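See below for upload-v6.txt, which holds compact mmCIF, N, CA and C atoms and all ligand atoms.
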# COMPACT_ATOMS: atom_id res chain seq x y z
N MET A 1 6.74 3.58 0.70
CA MET A 1 7.14 4.88 1.19
C MET A 1 5.99 5.59 1.87
N SER A 2 4.84 5.48 1.28
CA SER A 2 3.72 6.19 1.89
C SER A 2 2.44 5.37 1.79
N LYS A 3 1.58 5.69 2.72
CA LYS A 3 0.28 5.05 2.74
C LYS A 3 -0.76 6.13 2.93
N VAL A 4 -1.92 5.90 2.34
CA VAL A 4 -3.05 6.79 2.55
C VAL A 4 -4.19 5.97 3.14
N ASN A 5 -4.70 6.46 4.24
CA ASN A 5 -5.83 5.81 4.91
C ASN A 5 -7.12 6.50 4.49
N VAL A 6 -8.08 5.71 4.09
CA VAL A 6 -9.40 6.23 3.71
C VAL A 6 -10.42 5.62 4.66
N LYS A 7 -11.21 6.47 5.30
CA LYS A 7 -12.13 6.00 6.34
C LYS A 7 -13.52 6.56 6.09
N VAL A 8 -14.52 5.72 6.25
CA VAL A 8 -15.91 6.16 6.10
C VAL A 8 -16.33 6.85 7.39
N ILE A 9 -16.74 8.14 7.28
CA ILE A 9 -17.13 8.87 8.49
C ILE A 9 -18.63 9.16 8.51
N SER A 10 -19.31 8.93 7.39
CA SER A 10 -20.76 9.15 7.35
C SER A 10 -21.36 8.31 6.24
N GLN A 11 -22.53 7.73 6.51
CA GLN A 11 -23.19 6.91 5.49
C GLN A 11 -24.69 7.01 5.71
N LYS A 12 -25.41 7.38 4.64
CA LYS A 12 -26.86 7.48 4.72
C LYS A 12 -27.49 6.78 3.52
N GLY A 13 -28.72 6.34 3.68
CA GLY A 13 -29.37 5.63 2.60
C GLY A 13 -28.80 4.24 2.46
N THR A 14 -28.80 3.74 1.23
CA THR A 14 -28.31 2.39 0.96
C THR A 14 -27.09 2.45 0.06
N CYS A 15 -25.94 2.17 0.60
CA CYS A 15 -24.71 2.13 -0.20
C CYS A 15 -24.65 0.79 -0.91
N GLU A 16 -24.59 0.82 -2.24
CA GLU A 16 -24.55 -0.42 -3.02
C GLU A 16 -23.34 -1.27 -2.67
N ALA A 17 -22.27 -0.63 -2.24
CA ALA A 17 -21.06 -1.37 -1.89
C ALA A 17 -21.06 -1.82 -0.44
N GLY A 18 -22.09 -1.44 0.30
CA GLY A 18 -22.19 -1.89 1.69
C GLY A 18 -21.31 -1.16 2.68
N HIS A 19 -20.84 0.03 2.31
CA HIS A 19 -19.99 0.77 3.23
C HIS A 19 -20.73 1.18 4.50
N GLN A 20 -20.02 1.13 5.61
CA GLN A 20 -20.57 1.55 6.89
C GLN A 20 -19.55 2.45 7.57
N VAL A 21 -20.05 3.30 8.46
CA VAL A 21 -19.15 4.19 9.21
C VAL A 21 -18.08 3.34 9.91
N GLY A 22 -16.85 3.78 9.78
CA GLY A 22 -15.75 3.07 10.42
C GLY A 22 -14.95 2.20 9.46
N ASP A 23 -15.51 1.92 8.28
CA ASP A 23 -14.74 1.16 7.28
C ASP A 23 -13.44 1.87 6.99
N GLU A 24 -12.36 1.11 6.87
CA GLU A 24 -11.07 1.71 6.54
C GLU A 24 -10.42 0.96 5.39
N ILE A 25 -9.82 1.71 4.50
CA ILE A 25 -9.11 1.16 3.36
C ILE A 25 -7.73 1.81 3.34
N ILE A 26 -6.71 1.03 3.12
CA ILE A 26 -5.36 1.58 3.08
C ILE A 26 -4.76 1.39 1.70
N PHE A 27 -4.27 2.50 1.14
CA PHE A 27 -3.59 2.48 -0.15
C PHE A 27 -2.10 2.49 0.14
N ASN A 28 -1.43 1.41 -0.22
CA ASN A 28 -0.04 1.22 0.16
C ASN A 28 0.86 1.33 -1.07
N TRP A 29 1.69 2.37 -1.08
CA TRP A 29 2.56 2.59 -2.23
C TRP A 29 3.76 1.65 -2.24
N ASP A 30 4.11 1.04 -1.11
CA ASP A 30 5.22 0.09 -1.06
C ASP A 30 4.85 -1.22 -1.72
N THR A 31 3.65 -1.68 -1.40
CA THR A 31 3.25 -3.00 -1.88
C THR A 31 2.35 -2.93 -3.12
N HIS A 32 1.93 -1.72 -3.46
CA HIS A 32 0.98 -1.52 -4.57
C HIS A 32 -0.32 -2.25 -4.31
N LYS A 33 -0.67 -2.35 -3.04
CA LYS A 33 -1.90 -3.04 -2.70
C LYS A 33 -2.90 -2.10 -2.06
N ILE A 34 -4.15 -2.41 -2.29
CA ILE A 34 -5.23 -1.72 -1.61
C ILE A 34 -5.76 -2.68 -0.57
N GLU A 35 -5.62 -2.31 0.69
CA GLU A 35 -6.05 -3.19 1.78
C GLU A 35 -7.46 -2.78 2.20
N GLY A 36 -8.41 -3.66 1.92
CA GLY A 36 -9.79 -3.35 2.24
C GLY A 36 -10.62 -3.34 0.96
N THR A 37 -11.88 -3.09 1.14
CA THR A 37 -12.81 -3.07 0.02
C THR A 37 -13.38 -1.68 -0.11
N ILE A 38 -13.43 -1.19 -1.34
CA ILE A 38 -13.95 0.16 -1.54
C ILE A 38 -14.87 0.19 -2.76
N CYS A 39 -15.93 0.95 -2.65
CA CYS A 39 -16.86 1.17 -3.75
C CYS A 39 -16.09 1.77 -4.94
N LEU A 40 -16.21 1.15 -6.09
CA LEU A 40 -15.44 1.61 -7.25
C LEU A 40 -15.95 2.95 -7.77
N HIS A 41 -17.24 3.25 -7.55
CA HIS A 41 -17.76 4.56 -7.95
C HIS A 41 -17.10 5.66 -7.11
N ALA A 42 -16.95 5.38 -5.83
CA ALA A 42 -16.28 6.35 -4.97
C ALA A 42 -14.79 6.42 -5.32
N LEU A 43 -14.21 5.25 -5.58
CA LEU A 43 -12.76 5.20 -5.84
C LEU A 43 -12.36 6.01 -7.06
N TYR A 44 -13.10 5.84 -8.17
CA TYR A 44 -12.66 6.52 -9.40
C TYR A 44 -12.63 8.04 -9.20
N SER A 45 -13.55 8.52 -8.37
CA SER A 45 -13.62 9.97 -8.21
C SER A 45 -12.65 10.49 -7.15
N MET A 46 -12.27 9.68 -6.18
CA MET A 46 -11.38 10.17 -5.12
C MET A 46 -9.91 9.87 -5.39
N LEU A 47 -9.63 9.06 -6.40
CA LEU A 47 -8.24 8.65 -6.63
C LEU A 47 -7.26 9.82 -6.82
N PRO A 48 -7.64 10.90 -7.52
CA PRO A 48 -6.69 12.01 -7.62
C PRO A 48 -6.27 12.58 -6.26
N LYS A 49 -7.20 12.61 -5.31
CA LYS A 49 -6.85 13.12 -3.97
C LYS A 49 -5.91 12.14 -3.25
N ILE A 50 -6.20 10.85 -3.41
CA ILE A 50 -5.34 9.84 -2.77
C ILE A 50 -3.93 9.93 -3.34
N TYR A 51 -3.85 10.05 -4.65
CA TYR A 51 -2.55 10.13 -5.32
C TYR A 51 -1.79 11.38 -4.86
N ALA A 52 -2.49 12.50 -4.80
CA ALA A 52 -1.85 13.75 -4.39
C ALA A 52 -1.35 13.67 -2.96
N LEU A 53 -2.18 13.16 -2.06
CA LEU A 53 -1.76 13.03 -0.66
C LEU A 53 -0.53 12.13 -0.54
N ALA A 54 -0.53 11.04 -1.27
CA ALA A 54 0.57 10.08 -1.18
C ALA A 54 1.88 10.70 -1.62
N HIS A 55 1.79 11.69 -2.52
CA HIS A 55 3.00 12.29 -3.06
C HIS A 55 3.29 13.66 -2.46
N GLY A 56 2.71 13.93 -1.32
CA GLY A 56 3.09 15.12 -0.57
C GLY A 56 2.34 16.38 -0.88
N ALA A 57 1.34 16.32 -1.74
CA ALA A 57 0.58 17.53 -2.05
C ALA A 57 -0.34 17.87 -0.88
N ASP A 58 -0.62 19.14 -0.74
CA ASP A 58 -1.46 19.59 0.36
C ASP A 58 -2.91 19.76 -0.12
N VAL A 59 -3.65 18.68 -0.07
CA VAL A 59 -5.07 18.75 -0.43
C VAL A 59 -5.94 18.42 0.77
N ALA A 60 -5.34 18.50 1.96
CA ALA A 60 -6.08 18.21 3.20
C ALA A 60 -6.65 19.52 3.74
N PHE A 61 -7.87 19.81 3.34
CA PHE A 61 -8.47 21.10 3.71
C PHE A 61 -9.45 21.00 4.87
N ALA A 62 -9.64 19.80 5.40
CA ALA A 62 -10.59 19.63 6.50
C ALA A 62 -9.84 19.23 7.77
N VAL A 63 -10.53 19.35 8.89
CA VAL A 63 -9.93 18.98 10.18
C VAL A 63 -10.73 17.82 10.77
N ALA A 64 -10.05 16.75 11.08
CA ALA A 64 -10.70 15.57 11.65
C ALA A 64 -11.02 15.81 13.12
N GLU A 65 -11.78 14.89 13.72
CA GLU A 65 -12.15 15.02 15.14
C GLU A 65 -10.93 15.08 16.04
N ASP A 66 -9.87 14.38 15.66
CA ASP A 66 -8.66 14.38 16.49
C ASP A 66 -7.75 15.58 16.21
N GLY A 67 -8.21 16.49 15.36
CA GLY A 67 -7.46 17.71 15.09
C GLY A 67 -6.51 17.62 13.92
N SER A 68 -6.33 16.43 13.37
CA SER A 68 -5.40 16.29 12.25
C SER A 68 -6.05 16.78 10.96
N ARG A 69 -5.20 17.19 10.03
CA ARG A 69 -5.68 17.69 8.75
C ARG A 69 -5.96 16.51 7.81
N VAL A 70 -7.12 16.56 7.19
CA VAL A 70 -7.53 15.47 6.31
C VAL A 70 -8.18 16.06 5.06
N ALA A 71 -8.32 15.22 4.05
CA ALA A 71 -9.14 15.57 2.89
C ALA A 71 -10.44 14.79 3.04
N ARG A 72 -11.53 15.38 2.60
CA ARG A 72 -12.80 14.66 2.65
C ARG A 72 -13.29 14.44 1.22
N HIS A 73 -14.07 13.38 1.04
CA HIS A 73 -14.58 13.09 -0.29
C HIS A 73 -15.94 12.42 -0.18
N ALA A 74 -16.88 12.88 -0.99
CA ALA A 74 -18.21 12.28 -0.99
C ALA A 74 -18.36 11.37 -2.19
N CYS A 75 -18.98 10.20 -1.98
CA CYS A 75 -19.31 9.30 -3.07
C CYS A 75 -20.23 10.04 -4.05
N PRO A 76 -20.05 9.83 -5.35
CA PRO A 76 -20.90 10.53 -6.33
C PRO A 76 -22.37 10.12 -6.30
N ASP A 77 -22.72 9.07 -5.55
CA ASP A 77 -24.14 8.69 -5.43
C ASP A 77 -24.81 9.62 -4.43
N GLY A 78 -25.36 10.72 -4.95
CA GLY A 78 -25.92 11.75 -4.09
C GLY A 78 -27.16 11.35 -3.31
N TRP A 79 -27.88 10.32 -3.79
CA TRP A 79 -29.07 9.85 -3.06
C TRP A 79 -28.70 9.02 -1.85
N ASN A 80 -27.52 8.45 -1.89
CA ASN A 80 -27.06 7.57 -0.81
C ASN A 80 -25.66 8.00 -0.37
N PRO A 81 -25.59 9.17 0.25
CA PRO A 81 -24.27 9.76 0.48
C PRO A 81 -23.38 9.01 1.47
N VAL A 82 -22.17 8.77 1.02
CA VAL A 82 -21.12 8.22 1.87
C VAL A 82 -19.98 9.25 1.85
N ILE A 83 -19.51 9.62 3.02
CA ILE A 83 -18.41 10.57 3.10
C ILE A 83 -17.18 9.86 3.65
N PHE A 84 -16.08 10.08 2.94
CA PHE A 84 -14.80 9.46 3.31
C PHE A 84 -13.85 10.53 3.81
N GLU A 85 -12.98 10.12 4.70
CA GLU A 85 -11.92 11.01 5.18
C GLU A 85 -10.60 10.39 4.74
N LEU A 86 -9.77 11.19 4.09
CA LEU A 86 -8.51 10.71 3.52
C LEU A 86 -7.35 11.33 4.28
N LYS A 87 -6.41 10.47 4.64
CA LYS A 87 -5.28 10.97 5.44
C LYS A 87 -4.02 10.22 5.08
N LYS A 88 -2.94 10.96 4.88
CA LYS A 88 -1.66 10.30 4.67
C LYS A 88 -1.16 9.80 6.01
N ILE A 89 -0.74 8.57 6.06
CA ILE A 89 -0.25 8.04 7.33
C ILE A 89 1.25 7.76 7.18
N SER A 90 1.97 8.07 8.22
CA SER A 90 3.41 7.92 8.15
C SER A 90 3.79 6.45 8.18
N ASP A 91 4.86 6.17 7.52
CA ASP A 91 5.32 4.80 7.51
C ASP A 91 6.24 4.56 8.70
N THR A 92 6.38 3.31 9.03
CA THR A 92 7.20 2.99 10.21
C THR A 92 8.56 2.51 9.80
ZN ZN B 101 -20.63 4.10 -3.58

How does this structure look as structure tokens?
Amino acid sequence: MSKVNVKVISQKGTCEAGHQVGDEIIFNWDTHKIEGTICLHALYSMLPKIYALAHGADVAFAVAEDGSRVARHACPDGWNPVIFELKKISDT
């Protein structure tokens, strides 16, 4: 029914999971699959936002470069900051 796209928009220092700008991960509620690889430290902390977006909650408080509303989330590793942009994507 719904998918949430998670995209790396900023990465500094050394990410232990190897994330780089442009990485994309898709959380698919139809297949119960996570498409892509994601740092588990980042995942545990951002999962509530992903869940909320997937179920229609309005937690998208930021504006992406293309003007769409998104949620942003920073990896808890403050020395090596990775910032993710979370967006509900419509199904086809
Ligand atoms: Zn991480």

Query raised in the report: Which residues, written as a ChimeraX atom specification, have at least one atom at most 7 Å from range 9-15 of chain A, with all atoms listed in the file counted and residues fewer than 5 positions away on the same chain left out?
Result: /A:20-23,79-85

Query raised in the report: If you measure from atom N of Val70 in chain A to atom N of Gly18 in chain A, what distance in Å do you get, rounded to one decimal?
Result: 24.4 Å

Requested in this report: All residues within 6.5 Å of ligand ZN 101 (chain B) are required, counting only N, CA and C atoms and all ligand atoms; please report them as a ChimeraX atom specification.
Outcome: /A:15-17,39-42,75-77

Can you write just those residues out, N, CA and C atoms, as a PDB file, in the coordinates of the input?
ATOM      1  N   CYS A  15     -25.940   2.170   0.600  1.00  0.00           N
ATOM      2  CA  CYS A  15     -24.710   2.130  -0.200  1.00  0.00           C
ATOM      3  C   CYS A  15     -24.650   0.790  -0.910  1.00  0.00           C
ATOM      4  N   GLU A  16     -24.590   0.820  -2.240  1.00  0.00           N
ATOM      5  CA  GLU A  16     -24.550  -0.420  -3.020  1.00  0.00           C
ATOM      6  C   GLU A  16     -23.340  -1.270  -2.670  1.00  0.00           C
ATOM      7  N   ALA A  17     -22.270  -0.630  -2.240  1.00  0.00           N
ATOM      8  CA  ALA A  17     -21.060  -1.370  -1.890  1.00  0.00           C
ATOM      9  C   ALA A  17     -21.060  -1.820  -0.440  1.00  0.00           C
ATOM     10  N   CYS A  39     -15.930   0.950  -2.650  1.00  0.00           N
ATOM     11  CA  CYS A  39     -16.860   1.170  -3.750  1.00  0.00           C
ATOM     12  C   CYS A  39     -16.090   1.770  -4.940  1.00  0.00           C
ATOM     13  N   LEU A  40     -16.210   1.150  -6.090  1.00  0.00           N
ATOM     14  CA  LEU A  40     -15.440   1.610  -7.250  1.00  0.00           C
ATOM     15  C   LEU A  40     -15.950   2.950  -7.770  1.00  0.00           C
ATOM     16  N   HIS A  41     -17.240   3.250  -7.550  1.00  0.00           N
ATOM     17  CA  HIS A  41     -17.760   4.560  -7.950  1.00  0.00           C
ATOM     18  C   HIS A  41     -17.100   5.660  -7.110  1.00  0.00           C
ATOM     19  N   ALA A  42     -16.950   5.380  -5.830  1.00  0.00           N
ATOM     20  CA  ALA A  42     -16.280   6.350  -4.970  1.00  0.00           C
ATOM     21  C   ALA A  42     -14.790   6.420  -5.320  1.00  0.00           C
ATOM     22  N   CYS A  75     -18.980  10.200  -1.980  1.00  0.00           N
ATOM     23  CA  CYS A  75     -19.310   9.300  -3.070  1.00  0.00           C
ATOM     24  C   CYS A  75     -20.230  10.040  -4.050  1.00  0.00           C
ATOM     25  N   PRO A  76     -20.050   9.830  -5.350  1.00  0.00           N
ATOM     26  CA  PRO A  76     -20.900  10.530  -6.330  1.00  0.00           C
ATOM     27  C   PRO A  76     -22.370  10.120  -6.300  1.00  0.00           C
ATOM     28  N   ASP A  77     -22.720   9.070  -5.550  1.00  0.00           N
ATOM     29  CA  ASP A  77     -24.140   8.690  -5.430  1.00  0.00           C
ATOM     30  C   ASP A  77     -24.810   9.620  -4.430  1.00  0.00           C
TER      31      ASP A  77
END

Query - DSSP alpha helix (DSSP H) selection over chain A, as a list in words - result: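 Matching residues for alpha helix (DSSP H) in chain A are Leu40, His41, Ala42, Leu43, Tyr44, Ser45, Met46, Leu47, Pro48, Lys49, Ile50, Tyr51, Ala52, Leu53 and Ala54 of chain A.
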
For the residues in the current selection, export N, CA and C atoms as a short mmCIF file (atom, residue, chain, number, x, y, z; two decimals), in the coordinates of the input.
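See out_16.cif below for the written result:
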data_model
loop_
_atom_site.label_atom_id
_atom_site.label_comp_id
_atom_site.auth_asym_id
_atom_site.auth_seq_id
_atom_site.Cartn_x
_atom_site.Cartn_y
_atom_site.Cartn_z
N LEU A 40 -16.21 1.15 -6.09
CA LEU A 40 -15.44 1.61 -7.25
C LEU A 40 -15.95 2.95 -7.77
N HIS A 41 -17.24 3.25 -7.55
CA HIS A 41 -17.76 4.56 -7.95
C HIS A 41 -17.10 5.66 -7.11
N ALA A 42 -16.95 5.38 -5.83
CA ALA A 42 -16.28 6.35 -4.97
C ALA A 42 -14.79 6.42 -5.32
N LEU A 43 -14.21 5.25 -5.58
CA LEU A 43 -12.76 5.20 -5.84
C LEU A 43 -12.36 6.01 -7.06
N TYR A 44 -13.10 5.84 -8.17
CA TYR A 44 -12.66 6.52 -9.40
C TYR A 44 -12.63 8.04 -9.20
N SER A 45 -13.55 8.52 -8.37
CA SER A 45 -13.62 9.97 -8.21
C SER A 45 -12.65 10.49 -7.15
N MET A 46 -12.27 9.68 -6.18
CA MET A 46 -11.38 10.17 -5.12
C MET A 46 -9.91 9.87 -5.39
N LEU A 47 -9.63 9.06 -6.40
CA LEU A 47 -8.24 8.65 -6.63
C LEU A 47 -7.26 9.82 -6.82
N PRO A 48 -7.64 10.90 -7.52
CA PRO A 48 -6.69 12.01 -7.62
C PRO A 48 -6.27 12.58 -6.26
N LYS A 49 -7.20 12.61 -5.31
CA LYS A 49 -6.85 13.12 -3.97
C LYS A 49 -5.91 12.14 -3.25
N ILE A 50 -6.20 10.85 -3.41
CA ILE A 50 -5.34 9.84 -2.77
C ILE A 50 -3.93 9.93 -3.34
N TYR A 51 -3.85 10.05 -4.65
CA TYR A 51 -2.55 10.13 -5.32
C TYR A 51 -1.79 11.38 -4.86
N ALA A 52 -2.49 12.50 -4.80
CA ALA A 52 -1.85 13.75 -4.39
C ALA A 52 -1.35 13.67 -2.96
N LEU A 53 -2.18 13.16 -2.06
CA LEU A 53 -1.76 13.03 -0.66
C LEU A 53 -0.53 12.13 -0.54
N ALA A 54 -0.53 11.04 -1.27
CA ALA A 54 0.57 10.08 -1.18
C ALA A 54 1.88 10.70 -1.62
#

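CA of Ala52 in chain A is positioned 20.7 Å from CA of Gly67 in chain A.
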
Who sits within 8 Å of Phe61 in chain A, only C-alpha atoms, same chain under 6 positions skipped, as a compact mmCIF listing (two decimals) with N, CA and C atoms, in the coordinates of the input:
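Saved as result18.txt:
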# COMPACT_ATOMS: atom_id res chain seq x y z
N ARG A 69 -5.20 17.19 10.03
CA ARG A 69 -5.68 17.69 8.75
C ARG A 69 -5.96 16.51 7.81
N VAL A 70 -7.12 16.56 7.19
CA VAL A 70 -7.53 15.47 6.31
C VAL A 70 -8.18 16.06 5.06
N ALA A 71 -8.32 15.22 4.05
CA ALA A 71 -9.14 15.57 2.89
C ALA A 71 -10.44 14.79 3.04
N ARG A 72 -11.53 15.38 2.60
CA ARG A 72 -12.80 14.66 2.65
C ARG A 72 -13.29 14.44 1.22

Requested in this report: Would you mind reading off the distance between CA of Lys88 in chain A and CA of Ser45 in chain A, one decimal, in Å?
Outcome: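 Separation of CA of Lys88 in chain A and CA of Ser45 in chain A: 17.6 Å.
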
Query raised in the report: Quick one: of A:Ile34, A:Met46, A:Val59, A:Ile26, who's nearest to Val4 in chain A, counting only C-alpha atoms?
Result: A:Ile26

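Shortest atom-to-atom contact with His19 in chain A among A:Ser2, A:Tyr44, A:His32, A:Ile38: A:Ile38, counting only C-alpha atoms.
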
With 3 Å on each side, where is the centre of the axis-aligned box around all listed atoms of range 41-53 of chain A, and how long are its edges in Å to one decimal, as AutoDock Vina command-line options?
--center_x -9.1 --center_y 8.5 --center_z -5.0 --size_x 23.2 --size_y 16.5 --size_z 14.9

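Proximity ranking of A:Ala60, A:Ala74, A:Leu86, A:Val6 relative to Phe27 in chain A places A:Val6 first, based on only N, CA and C atoms.
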
**Report entry** Spatial neighbours of Lys3 in chain A, max dist 6 Å, only N, CA and C atoms, sep filter under 2 positions, as a list in words
**Finding:**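 These residues fall inside the cut-off: Met1, Asn5, Phe27, Asn28, Trp29, Ala54, Lys87, Lys88, Ile89, Ser90 and Asp91 of chain A.
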
Query raised in the report: Running DSSP on the backbone, which parts of chain A land in strand (DSSP E), as a ChimeraX atom specification?
Result: /A:3-11,24-28,33-35,62-63,69-74,82-89
